[in-house]
$ cat final-v4.tsv   # TSV, C-alpha atoms and all ligand atoms
chain	number	residue	atom	x	y	z
M	1	LEU	CA	-21.66	13.46	-18.36
M	2	ALA	CA	-18.89	13.06	-15.81
M	3	GLN	CA	-15.74	15.07	-16.51
M	4	ALA	CA	-13.30	13.70	-19.09
M	5	GLY	CA	-10.68	12.38	-16.63
M	6	ILE	CA	-13.27	10.25	-14.84
M	7	GLN	CA	-14.75	8.90	-18.07
M	8	GLY	CA	-11.31	7.63	-19.06
M	9	LEU	CA	-10.73	5.69	-15.83
M	10	THR	CA	-10.85	1.96	-15.22
M	11	PRO	CA	-12.02	1.20	-11.66
M	12	TYR	CA	-9.56	-0.29	-9.16
M	13	GLN	CA	-9.80	-4.08	-9.37
M	14	PRO	CA	-9.72	-5.68	-5.92
M	15	GLY	CA	-8.73	-9.34	-5.43
M	16	LYS	CA	-11.63	-11.81	-5.55
M	17	PRO	CA	-13.15	-12.45	-2.10
M	18	ILE	CA	-12.51	-15.98	-0.82
M	19	ASP	CA	-16.16	-16.83	-0.21
M	20	GLU	CA	-16.98	-16.01	-3.84
M	21	VAL	CA	-14.18	-18.27	-5.09
M	22	ALA	CA	-15.26	-21.03	-2.68
M	23	ARG	CA	-18.83	-20.82	-3.98
M	24	GLU	CA	-17.73	-20.88	-7.62
M	25	LEU	CA	-15.48	-23.90	-7.07
M	26	ASN	CA	-17.89	-25.61	-4.71
M	27	LEU	CA	-15.08	-25.97	-2.17
M	28	PRO	CA	-15.14	-25.41	1.60
M	29	LEU	CA	-13.77	-22.01	2.61
M	30	GLU	CA	-10.82	-23.60	4.45
M	31	GLN	CA	-9.50	-24.98	1.19
M	32	ILE	CA	-9.12	-21.56	-0.40
M	33	VAL	CA	-5.77	-19.80	-0.09
M	34	LYS	CA	-5.80	-16.07	-0.77
M	35	LEU	CA	-2.42	-14.50	-1.39
M	36	ALA	CA	-3.68	-11.59	-3.41
M	37	SER	CA	-4.10	-8.40	-1.41
M	38	ASN	CA	-0.92	-8.01	0.68
M	39	GLU	CA	-2.76	-8.65	3.93
M	40	ASN	CA	-1.21	-9.88	7.18
M	41	PRO	CA	-1.76	-13.67	7.18
M	42	HIS	CA	-1.88	-13.67	11.01
M	43	GLY	CA	-4.81	-11.25	10.96
M	44	PRO	CA	-4.78	-8.62	13.72
M	45	SER	CA	-3.15	-8.92	17.14
M	46	PRO	CA	-5.31	-10.70	19.78
M	47	GLN	CA	-5.07	-7.48	21.79
M	48	VAL	CA	-6.80	-5.68	18.92
M	49	VAL	CA	-9.62	-8.22	18.92
M	50	ALA	CA	-10.09	-7.77	22.68
M	51	ALA	CA	-10.09	-3.97	22.34
M	52	LEU	CA	-12.66	-4.18	19.54
M	53	GLN	CA	-14.97	-6.37	21.60
M	54	ALA	CA	-14.76	-3.92	24.48
M	55	SER	CA	-15.53	-0.98	22.19
M	56	LEU	CA	-18.72	-2.39	20.67
M	57	ALA	CA	-20.68	-0.46	23.31
M	58	GLU	CA	-19.48	2.76	21.65
M	59	LEU	CA	-21.24	1.98	18.36
M	60	PRO	CA	-24.25	4.26	18.88
M	61	ARG	CA	-21.97	7.29	19.30
M	62	TYR	CA	-20.02	9.16	16.66
M	63	PRO	CA	-16.29	8.44	16.77
M	64	ASP	CA	-13.74	10.87	18.17
M	65	GLY	CA	-13.60	13.00	15.04
M	66	SER	CA	-10.15	14.32	15.81
M	67	GLY	CA	-8.62	10.90	16.56
M	68	TYR	CA	-7.06	12.50	19.62
M	69	ARG	CA	-5.77	9.38	21.42
M	70	LEU	CA	-4.43	7.63	18.34
M	71	LYS	CA	-2.67	10.76	17.14
M	72	ALA	CA	-1.15	11.24	20.59
M	73	ALA	CA	0.12	7.64	20.58
M	74	LEU	CA	1.56	7.98	17.06
M	75	ALA	CA	3.10	11.36	17.87
M	76	GLU	CA	4.81	9.93	20.92
M	77	ARG	CA	6.13	6.89	19.07
M	78	LEU	CA	7.36	8.93	16.10
M	79	ASP	CA	8.48	11.99	18.09
M	80	LEU	CA	6.28	14.38	16.12
M	81	ASP	CA	3.62	16.96	16.91
M	82	PRO	CA	0.08	15.42	16.77
M	83	GLU	CA	-0.86	18.30	14.46
M	84	GLN	CA	1.45	16.85	11.83
M	85	ILE	CA	-0.74	13.73	11.62
M	86	THR	CA	-3.85	13.24	9.48
M	87	LEU	CA	-5.95	10.10	9.82
M	88	GLY	CA	-7.68	8.56	6.82
M	89	ASN	CA	-10.11	5.79	5.92
M	90	GLY	CA	-7.16	3.73	4.77
M	91	SER	CA	-4.16	5.53	3.33
M	92	ASN	CA	-6.13	5.50	0.06
M	93	GLU	CA	-8.33	8.25	1.46
M	94	LEU	CA	-5.25	10.35	2.19
M	95	LEU	CA	-4.04	9.90	-1.40
M	96	ASP	CA	-7.48	10.99	-2.55
M	97	LEU	CA	-7.54	14.03	-0.23
M	98	ILE	CA	-4.12	15.05	-1.54
M	99	GLY	CA	-5.35	14.85	-5.14
M	100	ARG	CA	-8.40	16.91	-4.28
M	101	CYS	CA	-6.39	19.58	-2.47
M	102	TRP	CA	-3.49	19.95	-4.91
M	103	LEU	CA	-4.62	18.87	-8.38
M	104	THR	CA	-6.87	20.78	-10.79
M	105	PRO	CA	-7.33	20.73	-14.58
M	106	GLY	CA	-4.20	22.16	-16.20
M	107	THR	CA	-1.86	20.83	-13.48
M	108	ASN	CA	-0.05	17.51	-13.54
M	109	ALA	CA	1.09	14.73	-11.22
M	110	VAL	CA	4.27	12.74	-11.79
M	111	TYR	CA	4.61	9.09	-10.87
M	112	SER	CA	6.34	5.96	-12.09
M	113	GLN	CA	5.33	3.19	-14.46
M	114	TYR	CA	4.17	0.21	-12.31
M	115	ALA	CA	3.08	2.65	-9.60
M	116	PHE	CA	0.18	1.91	-7.27
M	117	ALA	CA	-3.21	2.04	-9.05
M	118	VAL	CA	-4.69	4.77	-6.86
M	119	TYR	CA	-2.29	7.48	-8.15
M	120	PRO	CA	-3.85	7.57	-11.64
M	121	ILE	CA	-7.32	7.40	-10.10
M	122	THR	CA	-6.82	10.43	-7.86
M	123	THR	CA	-5.02	12.34	-10.64
M	124	GLN	CA	-7.64	11.71	-13.29
M	125	ALA	CA	-10.47	12.29	-10.82
M	126	ALA	CA	-9.16	15.86	-10.58
M	127	ASP	CA	-8.96	15.99	-14.40
M	128	ALA	CA	-5.24	16.71	-14.02
M	129	GLU	CA	-2.62	15.40	-16.43
M	130	HIS	CA	-0.69	12.31	-15.34
M	131	ARG	CA	2.94	11.91	-16.24
M	132	GLN	CA	3.86	8.29	-15.94
M	133	ILE	CA	7.63	7.96	-16.15
M	134	PRO	CA	9.14	4.70	-17.48
M	135	ALA	CA	10.47	2.52	-14.67
M	136	LYS	CA	14.09	1.44	-14.32
M	137	ASN	CA	14.67	-2.18	-13.25
M	138	TRP	CA	10.97	-2.31	-12.26
M	139	GLY	CA	11.46	0.60	-9.82
M	140	HIS	CA	11.30	4.39	-9.85
M	141	ASP	CA	13.71	6.23	-12.13
M	142	LEU	CA	14.02	9.26	-9.84
M	143	PRO	CA	16.32	11.33	-12.09
M	144	ALA	CA	13.82	10.91	-14.97
M	145	MET	CA	10.95	11.77	-12.63
M	146	ALA	CA	12.77	14.94	-11.49
M	147	ALA	CA	13.35	15.88	-15.15
M	148	ALA	CA	9.60	15.50	-15.86
M	149	ILE	CA	8.61	18.12	-13.27
M	150	ASP	CA	7.56	21.44	-14.81
M	151	ALA	CA	5.76	24.62	-13.76
M	152	GLN	CA	2.39	22.82	-13.84
M	153	THR	CA	3.48	19.92	-11.62
M	154	ARG	CA	1.76	19.99	-8.24
M	155	VAL	CA	2.30	16.45	-6.91
M	156	VAL	CA	4.83	13.63	-7.23
M	157	PHE	CA	3.80	10.18	-5.98
M	158	ILE	CA	6.55	7.81	-4.86
M	159	ALA	CA	5.87	4.41	-3.29
M	160	ASN	CA	8.69	3.04	-1.18
M	161	PRO	CA	8.61	0.05	-1.27
M	162	ASN	CA	6.69	0.06	-4.52
M	163	ASN	CA	3.54	-1.99	-5.01
M	164	PRO	CA	3.29	-4.16	-7.10
M	165	THR	CA	7.00	-4.58	-7.89
M	166	GLY	CA	8.47	-4.60	-4.36
M	167	THR	CA	11.43	-2.39	-5.31
M	168	TRP	CA	12.81	0.23	-2.91
M	169	LEU	CA	14.71	3.51	-2.85
M	170	SER	CA	17.54	4.46	-0.50
M	171	GLU	CA	17.72	7.60	1.60
M	172	LYS	CA	20.55	8.87	-0.58
M	173	GLN	CA	18.47	8.46	-3.77
M	174	LEU	CA	15.50	10.15	-2.16
M	175	ARG	CA	17.52	13.08	-0.80
M	176	GLU	CA	19.14	13.63	-4.21
M	177	PHE	CA	15.66	13.69	-5.71
M	178	MET	CA	14.18	16.03	-3.08
M	179	ALA	CA	17.06	18.48	-3.65
M	180	GLN	CA	15.87	18.86	-7.26
M	181	VAL	CA	12.15	19.29	-6.54
M	182	PRO	CA	10.85	22.86	-6.43
M	183	GLU	CA	9.34	23.75	-3.05
M	184	GLN	CA	5.83	24.28	-4.40
M	185	VAL	CA	5.62	20.65	-5.58
M	186	LEU	CA	4.21	18.27	-2.98
M	187	VAL	CA	6.09	14.95	-2.79
M	188	VAL	CA	3.95	12.08	-1.52
M	189	LEU	CA	6.08	9.33	-0.06
M	190	ASP	CA	3.81	6.31	0.20
M	191	GLU	CA	5.26	3.99	2.82
M	192	ALA	CA	2.41	1.48	3.07
M	193	TYR	CA	4.93	-1.37	3.45
M	194	CYS	CA	7.72	0.41	5.37
M	195	GLU	CA	7.48	-1.82	8.46
M	196	TYR	CA	8.71	-4.82	6.43
M	197	VAL	CA	11.92	-3.21	5.18
M	198	THR	CA	15.15	-4.23	6.89
M	199	GLU	CA	17.71	-2.60	4.54
M	200	SER	CA	19.88	-0.17	6.49
M	201	ALA	CA	19.98	2.30	3.57
M	202	TYR	CA	16.15	2.57	3.58
M	203	PRO	CA	15.18	6.18	4.34
M	204	LYS	CA	14.60	7.34	7.88
M	205	SER	CA	11.83	9.37	6.38
M	206	LEU	CA	10.88	11.33	9.49
M	207	ALA	CA	14.25	13.07	9.28
M	208	LEU	CA	13.49	13.95	5.66
M	209	LEU	CA	10.25	15.50	6.84
M	210	ALA	CA	12.21	17.92	8.99
M	211	ASP	CA	14.39	18.89	6.01
M	212	TYR	CA	11.74	19.16	3.28
M	213	PRO	CA	8.51	21.04	4.11
M	214	ASN	CA	6.96	19.88	0.80
M	215	LEU	CA	7.03	16.20	1.83
M	216	ILE	CA	4.10	14.12	3.07
M	217	ILE	CA	4.48	10.50	4.18
M	218	CYS	CA	1.50	8.13	3.96
M	219	ARG	CA	1.36	4.95	6.05
M	220	THR	CA	-1.28	2.39	6.91
M	221	PHE	CA	-2.51	-0.09	9.50
M	222	SER	CA	-3.73	-2.35	6.65
M	223	LYS	CA	-0.53	-4.32	6.07
M	224	ALA	CA	1.91	-5.19	8.86
M	225	TYR	CA	-0.66	-4.35	11.56
M	226	GLY	CA	-3.32	-6.59	9.97
M	227	LEU	CA	-6.23	-4.10	9.97
M	228	ALA	CA	-7.05	-3.97	6.25
M	229	GLY	CA	-10.75	-4.59	6.87
M	230	LEU	CA	-11.10	-1.66	9.26
M	231	ARG	CA	-9.70	0.97	6.87
M	232	ILE	CA	-7.27	3.21	8.71
M	233	GLY	CA	-4.12	4.97	7.55
M	234	TYR	CA	-2.25	8.14	8.49
M	235	SER	CA	-0.09	10.82	6.97
M	236	LEU	CA	2.85	12.70	8.46
M	237	SER	CA	3.65	16.17	7.15
M	238	SER	CA	4.13	19.79	8.16
M	239	THR	CA	1.31	21.15	10.29
M	240	GLN	CA	0.36	23.43	7.36
M	241	ILE	CA	-0.13	20.50	4.96
M	242	ALA	CA	-2.08	18.60	7.62
M	243	ALA	CA	-4.29	21.67	8.18
M	244	THR	CA	-4.98	21.84	4.43
M	245	LEU	CA	-6.07	18.19	4.28
M	246	ASN	CA	-8.19	18.74	7.37
M	247	ARG	CA	-10.22	21.43	5.56
M	248	ILE	CA	-11.82	18.89	3.24
M	249	ARG	CA	-11.56	15.74	5.36
M	250	LEU	CA	-15.13	14.60	5.89
M	251	PRO	CA	-16.38	14.62	9.49
M	252	PHE	CA	-15.84	11.24	11.18
M	253	ASN	CA	-13.94	9.75	8.23
M	254	VAL	CA	-12.43	7.09	10.50
M	255	SER	CA	-14.70	4.82	12.54
M	256	GLN	CA	-14.36	4.41	16.29
M	257	LEU	CA	-13.62	0.69	15.83
M	258	ALA	CA	-10.75	1.57	13.50
M	259	LEU	CA	-9.36	4.16	15.95
M	260	THR	CA	-9.58	1.73	18.85
M	261	ALA	CA	-8.02	-1.10	16.85
M	262	ALA	CA	-5.15	1.04	15.58
M	263	GLU	CA	-4.32	2.18	19.10
M	264	ALA	CA	-4.25	-1.41	20.36
M	265	ALA	CA	-2.24	-2.54	17.31
M	266	LEU	CA	0.37	0.14	17.89
M	267	ALA	CA	0.71	-0.95	21.51
M	268	ASP	CA	1.42	-4.58	20.58
M	269	GLN	CA	4.88	-4.34	19.06
M	270	ASP	CA	5.61	-8.02	19.84
M	271	PHE	CA	2.83	-9.04	17.47
M	272	LEU	CA	4.24	-6.72	14.83
M	273	ALA	CA	7.69	-8.30	15.25
M	274	GLN	CA	6.16	-11.77	14.85
M	275	SER	CA	4.36	-10.69	11.68
M	276	LEU	CA	7.58	-9.30	10.22
M	277	GLU	CA	9.40	-12.54	11.01
M	278	THR	CA	6.68	-14.62	9.31
M	279	ASN	CA	7.07	-12.38	6.29
M	280	ARG	CA	10.86	-12.65	6.20
M	281	ALA	CA	10.72	-16.44	6.35
M	282	GLY	CA	7.88	-16.64	3.79
M	283	LEU	CA	9.67	-14.39	1.32
M	284	LEU	CA	12.71	-16.66	1.57
M	285	GLN	CA	10.51	-19.76	1.14
M	286	LEU	CA	9.04	-18.37	-2.09
M	287	GLU	CA	12.36	-17.07	-3.46
M	288	THR	CA	14.03	-20.43	-2.84
M	289	SER	CA	11.23	-22.30	-4.60
M	290	PHE	CA	11.13	-19.89	-7.55
M	291	HIS	CA	14.84	-20.46	-7.90
M	292	GLU	CA	14.33	-24.24	-7.90
M	293	LEU	CA	11.55	-23.91	-10.47
M	294	GLY	CA	13.77	-21.75	-12.67
M	295	LEU	CA	11.33	-18.82	-12.41
M	296	GLU	CA	12.58	-15.26	-12.53
M	297	TYR	CA	11.28	-12.95	-9.78
M	298	ILE	CA	11.65	-9.30	-8.89
M	299	PRO	CA	13.53	-9.04	-5.57
M	300	SER	CA	11.10	-7.56	-3.05
M	301	VAL	CA	11.34	-5.91	0.36
M	302	GLY	CA	7.57	-5.91	0.93
M	303	ASN	CA	5.05	-8.58	1.94
M	304	PHE	CA	4.57	-9.73	-1.67
M	305	ILE	CA	6.69	-10.76	-4.61
M	306	CYS	CA	6.29	-10.68	-8.39
M	307	VAL	CA	7.20	-13.83	-10.27
M	308	ARG	CA	7.46	-14.21	-14.04
M	309	VAL	CA	5.37	-17.17	-15.15
M	310	GLY	CA	4.85	-16.47	-18.87
M	311	ASP	CA	1.15	-16.39	-19.71
M	312	ALA	CA	0.11	-15.03	-16.33
M	313	ALA	CA	-3.61	-14.84	-17.18
M	314	ALA	CA	-3.72	-18.58	-17.95
M	315	ILE	CA	-1.61	-19.55	-14.93
M	316	ASN	CA	-3.74	-17.34	-12.73
M	317	GLN	CA	-6.92	-19.04	-13.96
M	318	ALA	CA	-5.43	-22.50	-13.41
M	319	LEU	CA	-4.36	-21.54	-9.87
M	320	LEU	CA	-7.82	-20.14	-9.19
M	321	GLU	CA	-9.35	-23.47	-10.23
M	322	LYS	CA	-7.19	-25.09	-7.54
M	323	GLY	CA	-8.50	-22.62	-4.95
M	324	VAL	CA	-5.40	-20.40	-4.90
M	325	ILE	CA	-6.04	-16.68	-5.37
M	326	VAL	CA	-3.08	-14.53	-6.40
M	327	ARG	CA	-2.89	-11.21	-8.25
M	328	PRO	CA	-2.51	-10.99	-12.03
M	329	LEU	CA	-0.85	-7.74	-13.08
M	330	ALA	CA	-2.47	-7.01	-16.44
M	331	PRO	CA	-3.80	-3.67	-15.10
M	332	TYR	CA	-0.15	-2.71	-14.54
M	333	GLN	CA	0.88	-3.86	-18.06
M	334	MET	CA	2.84	-6.78	-16.58
M	335	PRO	CA	1.16	-9.66	-18.48
M	336	GLU	CA	3.87	-12.22	-17.65
M	337	HIS	CA	3.96	-11.67	-13.88
M	338	LEU	CA	1.84	-12.70	-10.94
M	339	ARG	CA	2.07	-10.92	-7.61
M	340	ILE	CA	2.00	-13.27	-4.64
M	341	SER	CA	1.35	-11.96	-1.13
M	342	ILE	CA	3.42	-13.71	1.53
M	343	GLY	CA	1.23	-16.00	3.61
M	344	LEU	CA	1.70	-18.42	6.49
M	345	PRO	CA	4.23	-21.19	5.72
M	346	GLU	CA	1.46	-23.70	4.93
M	347	GLU	CA	-0.35	-21.22	2.66
M	348	ASN	CA	2.88	-20.52	0.77
M	349	GLN	CA	3.33	-24.28	0.46
M	350	ARG	CA	-0.19	-24.75	-0.92
M	351	PHE	CA	0.48	-22.05	-3.49
M	352	LEU	CA	3.83	-23.56	-4.48
M	353	GLU	CA	2.34	-27.04	-4.88
M	354	ALA	CA	-0.46	-25.67	-7.06
M	355	LEU	CA	2.04	-23.66	-9.09
M	356	ARG	CA	4.23	-26.74	-9.69
M	357	GLN	CA	1.20	-28.72	-10.86
M	358	VAL	CA	0.02	-25.93	-13.13
M	359	LEU	CA	3.47	-25.45	-14.68
M	360	ASP	CA	3.80	-29.23	-15.27
M	361	GLN	CA	0.50	-29.40	-17.16
J	1	LIG	N1	-0.28	2.51	-1.04
J	1	LIG	C1	0.16	1.36	-1.54
J	1	LIG	C2	1.48	1.35	-2.23
J	1	LIG	C3	-0.60	0.20	-1.41
J	1	LIG	O1	-0.17	-0.96	-1.93
J	1	LIG	C4	-1.85	0.26	-0.75
J	1	LIG	C5	-2.74	-0.95	-0.58
J	1	LIG	N2	-2.81	-1.82	-1.59
J	1	LIG	C6	-2.26	1.49	-0.26
J	1	LIG	C7	-1.45	2.60	-0.41
J	1	LIG	C8	-3.59	1.70	0.39
J	1	LIG	O2	-3.79	0.94	1.50
J	1	LIG	P1	-4.93	1.27	2.56
J	1	LIG	O3	-5.91	2.19	1.91
J	1	LIG	O4	-5.50	-0.03	2.91
J	1	LIG	O5	-4.23	1.95	3.71

$ encode --input "final-v4.tsv" --output "structure tokens"
Amino acid sequence: LAQAGIQGLTPYQPGKPIDEVARELNLPLEQIVKLASNENPHGPSPQVVAALQASLAELPRYPDGSGYRLKAALAERLDLDPEQITLGNGSNELLDLIGRCWLTPGTNAVYSQYAFAVYPITTQAADAEHRQIPAKNWGHDLPAMAAAIDAQTRVVFIANPNNPTGTWLSEKQLREFMAQVPEQVLVVLDEAYCEYVTESAYPKSLALLADYPNLIICRTFSKAYGLAGLRIGYSLSSTQIAATLNRIRLPFNVSQLALTAAEAALADQDFLAQSLETNRAGLLQLETSFHELGLEYIPSVGNFICVRVGDAAAINQALLEKGVIVRPLAPYQMPEHLRISIGLPEENQRFLEALRQVLDQ
């Protein structure tokens, strides 16, 4: 028998793949709109595609196991030491490595209600106790999270912005929290969606890193950089924390294609800017329409938004039958909300038309 924590887990539920939905509905692939997994609707930069084509010749060789060039490029851009960077097979792998390094039976991890689904997975996989703290206005209640920390707490997970709710925390809130956290507790600041945030009070988290040695920041190339399919993320921390993760990081955990693509993606900041602009406009398009439809939504700073539709399971099914894939939030105990990833203007329009029809039925 697997250990108790693992037996109690429900597996992560990914969004349905578009080809599967197309087959089920007997529709051509082009008629399916998928706004379910917070991907970049532009896909990757054309420079990434060119770099990938050029790197196909490298396939017979093992990748650069240290990720030397990518780490150097990130270190230069972020003004850090490359030894503060750990690369992962998606930032999910980094969350998993953290759980494996810091959590054991008898310890606990603190995170918020409506937090990203991988935090309970990594916590329970270690058979550690999870302390899920009730959310405040759909976001983290940091004072309550600080109060929940005890001598057995090893890790606190914070997503900023949070997925699925899209809420965010300011630098002031985060600093007040960090000041209350004992030094032996590792704080994981998950910034998977940080590139999208424009609020001036959003934390300049690299400065926090210099002030708090027990902080680790996780980021990803899956979202704004459009590389979700390649699986590559990175963490920023003290060199000691990075060295700890490196002890159990499997050899060659990141493929050469992913390393090459991430380097090219980082170099194409114009593409990133275009992606962020598409997102800003799309978020506004959805908010305006929700307003017109009289639907309540949770204000979001990410590339997705949660809208309250009532019986979300039924609305989700009706949208699916029209070829529109969005994300129901039952696994997060949000049975009245759907999470919609921001797409291209025409994809958002298709979703909105389908939603209007479904609500009119
Ligand atoms: N953190 C958060 C908050 C996320 O929403 C996601 C992706 N859904 C991840 C981490 C993991 O992303 P990836 O493994 O693709 O880097």

$ closest_residue --input "final-v4.tsv" --among "M:Ser170, M:Ser222, M:Ser275, M:Thr123" --to "ligand LIG 1 (chain J)" --atoms "all atoms listed in the file"
M:Ser222

$ residues_near_ligand --input "final-v4.tsv" --ligand "ligand LIG 1 (chain J)" --cutoff "9 Å" --atoms "all atoms listed in the file" --output "PyMOL selection string"
chain M and resi 37-39+88-95+115-119+158-164+190-193+218-223+227-234

$ axis_aligned_box --input "final-v4.tsv" --around "stretch 229-245 of chain M" --padding-each-side "5 Å" --output "lines of an AutoDock Vina configuration file"
center_x = -3.5
center_y = 9.4
center_z = 7.3
size_x = 25.2
size_y = 38.0
size_z = 16.0

$ closest_residue --input "final-v4.tsv" --among "M:Ala354, M:Leu293, M:Ala318, M:Leu70" --to "M:Ile85" --atoms "only C-alpha atoms"
M:Leu70

$ closest_residue --input "final-v4.tsv" --among "M:Gln47, M:Asn40, M:Gln184, M:Gln3" --to "M:Thr278" --atoms "all atoms listed in the file"
M:Asn40

$ atom_distance --input "final-v4.tsv" --atom1 "atom CA of M:Val188" --atom2 "atom CA of M:Leu250"
20.6 Å

$ residues_around --input "final-v4.tsv" --residues "M:Val21" --least-positions-apart "4" --cutoff "9 Å" --atoms "only C-alpha atoms" --output "compact mmCIF listing (two decimals) with C-alpha atoms, keeping the file's coordinate frame"
# COMPACT_ATOMS: atom_id res chain seq x y z
CA LYS M 16 -11.63 -11.81 -5.55
CA PRO M 17 -13.15 -12.45 -2.10
CA LEU M 25 -15.48 -23.90 -7.07
CA ASN M 26 -17.89 -25.61 -4.71
CA LEU M 27 -15.08 -25.97 -2.17
CA LEU M 29 -13.77 -22.01 2.61
CA ILE M 32 -9.12 -21.56 -0.40
CA LEU M 320 -7.82 -20.14 -9.19
CA GLU M 321 -9.35 -23.47 -10.23
CA GLY M 323 -8.50 -22.62 -4.95
CA ILE M 325 -6.04 -16.68 -5.37

$ atom_distance --input "final-v4.tsv" --atom1 "atom CA of M:Met178" --atom2 "atom CA of M:Ser238"
15.5 Å

$ atom_distance --input "final-v4.tsv" --atom1 "atom CA of M:Gly99" --atom2 "atom CA of M:Arg131"
14.2 Å

$ closest_residue --input "final-v4.tsv" --among "M:Arg175, M:Lys204, M:His42, M:His140" --to "M:Leu78" --atoms "all atoms listed in the file"
M:Lys204

$ closest_atom_pairs --input "final-v4.tsv" --of "stretch 255-312 of chain M" --to "stretch 326-348 of chain M" --cutoff "8 Å" --atoms "all atoms listed in the file" --output "Markdown table"
| residue | atom | partner | partner_atom | distance |
| --- | --- | --- | --- | --- |
| M:Thr278 | CA | M:Leu344 | CA | 6.9 |
| M:Asn279 | CA | M:Ile342 | CA | 6.1 |
| M:Gly282 | CA | M:Ile342 | CA | 5.8 |
| M:Leu283 | CA | M:Ile342 | CA | 6.3 |
| M:Gln285 | CA | M:Asn348 | CA | 7.7 |
| M:Leu286 | CA | M:Asn348 | CA | 7.1 |
| M:Asn303 | CA | M:Ile342 | CA | 5.4 |
| M:Phe304 | CA | M:Ser341 | CA | 4.0 |
| M:Ile305 | CA | M:Ile340 | CA | 5.3 |
| M:Cys306 | CA | M:Arg339 | CA | 4.3 |
| M:Val307 | CA | M:His337 | CA | 5.3 |
| M:Arg308 | CA | M:His337 | CA | 4.3 |
| M:Val309 | CA | M:Glu336 | CA | 5.7 |
| M:Gly310 | CA | M:Glu336 | CA | 4.5 |
| M:Asp311 | CA | M:Glu336 | CA | 5.4 |
| M:Ala312 | CA | M:Glu336 | CA | 4.9 |

$ closest_residue --input "final-v4.tsv" --among "M:Leu319, M:Leu35, M:Ala262, M:Leu186" --to "M:Phe157" --atoms "only C-alpha atoms"
M:Leu186

$ residues_around --input "final-v4.tsv" --residues "M:Pro251" --least-positions-apart "4" --cutoff "12 Å" --atoms "all atoms listed in the file" --output "MDAnalysis selection string"
chainID M and resid 62:67 87:89 246:247 255

$ closest_residue --input "final-v4.tsv" --among "M:Ala135, M:Leu169, M:Val185, M:Ala51" --to "M:Ala151" --atoms "only C-alpha atoms"
M:Val185
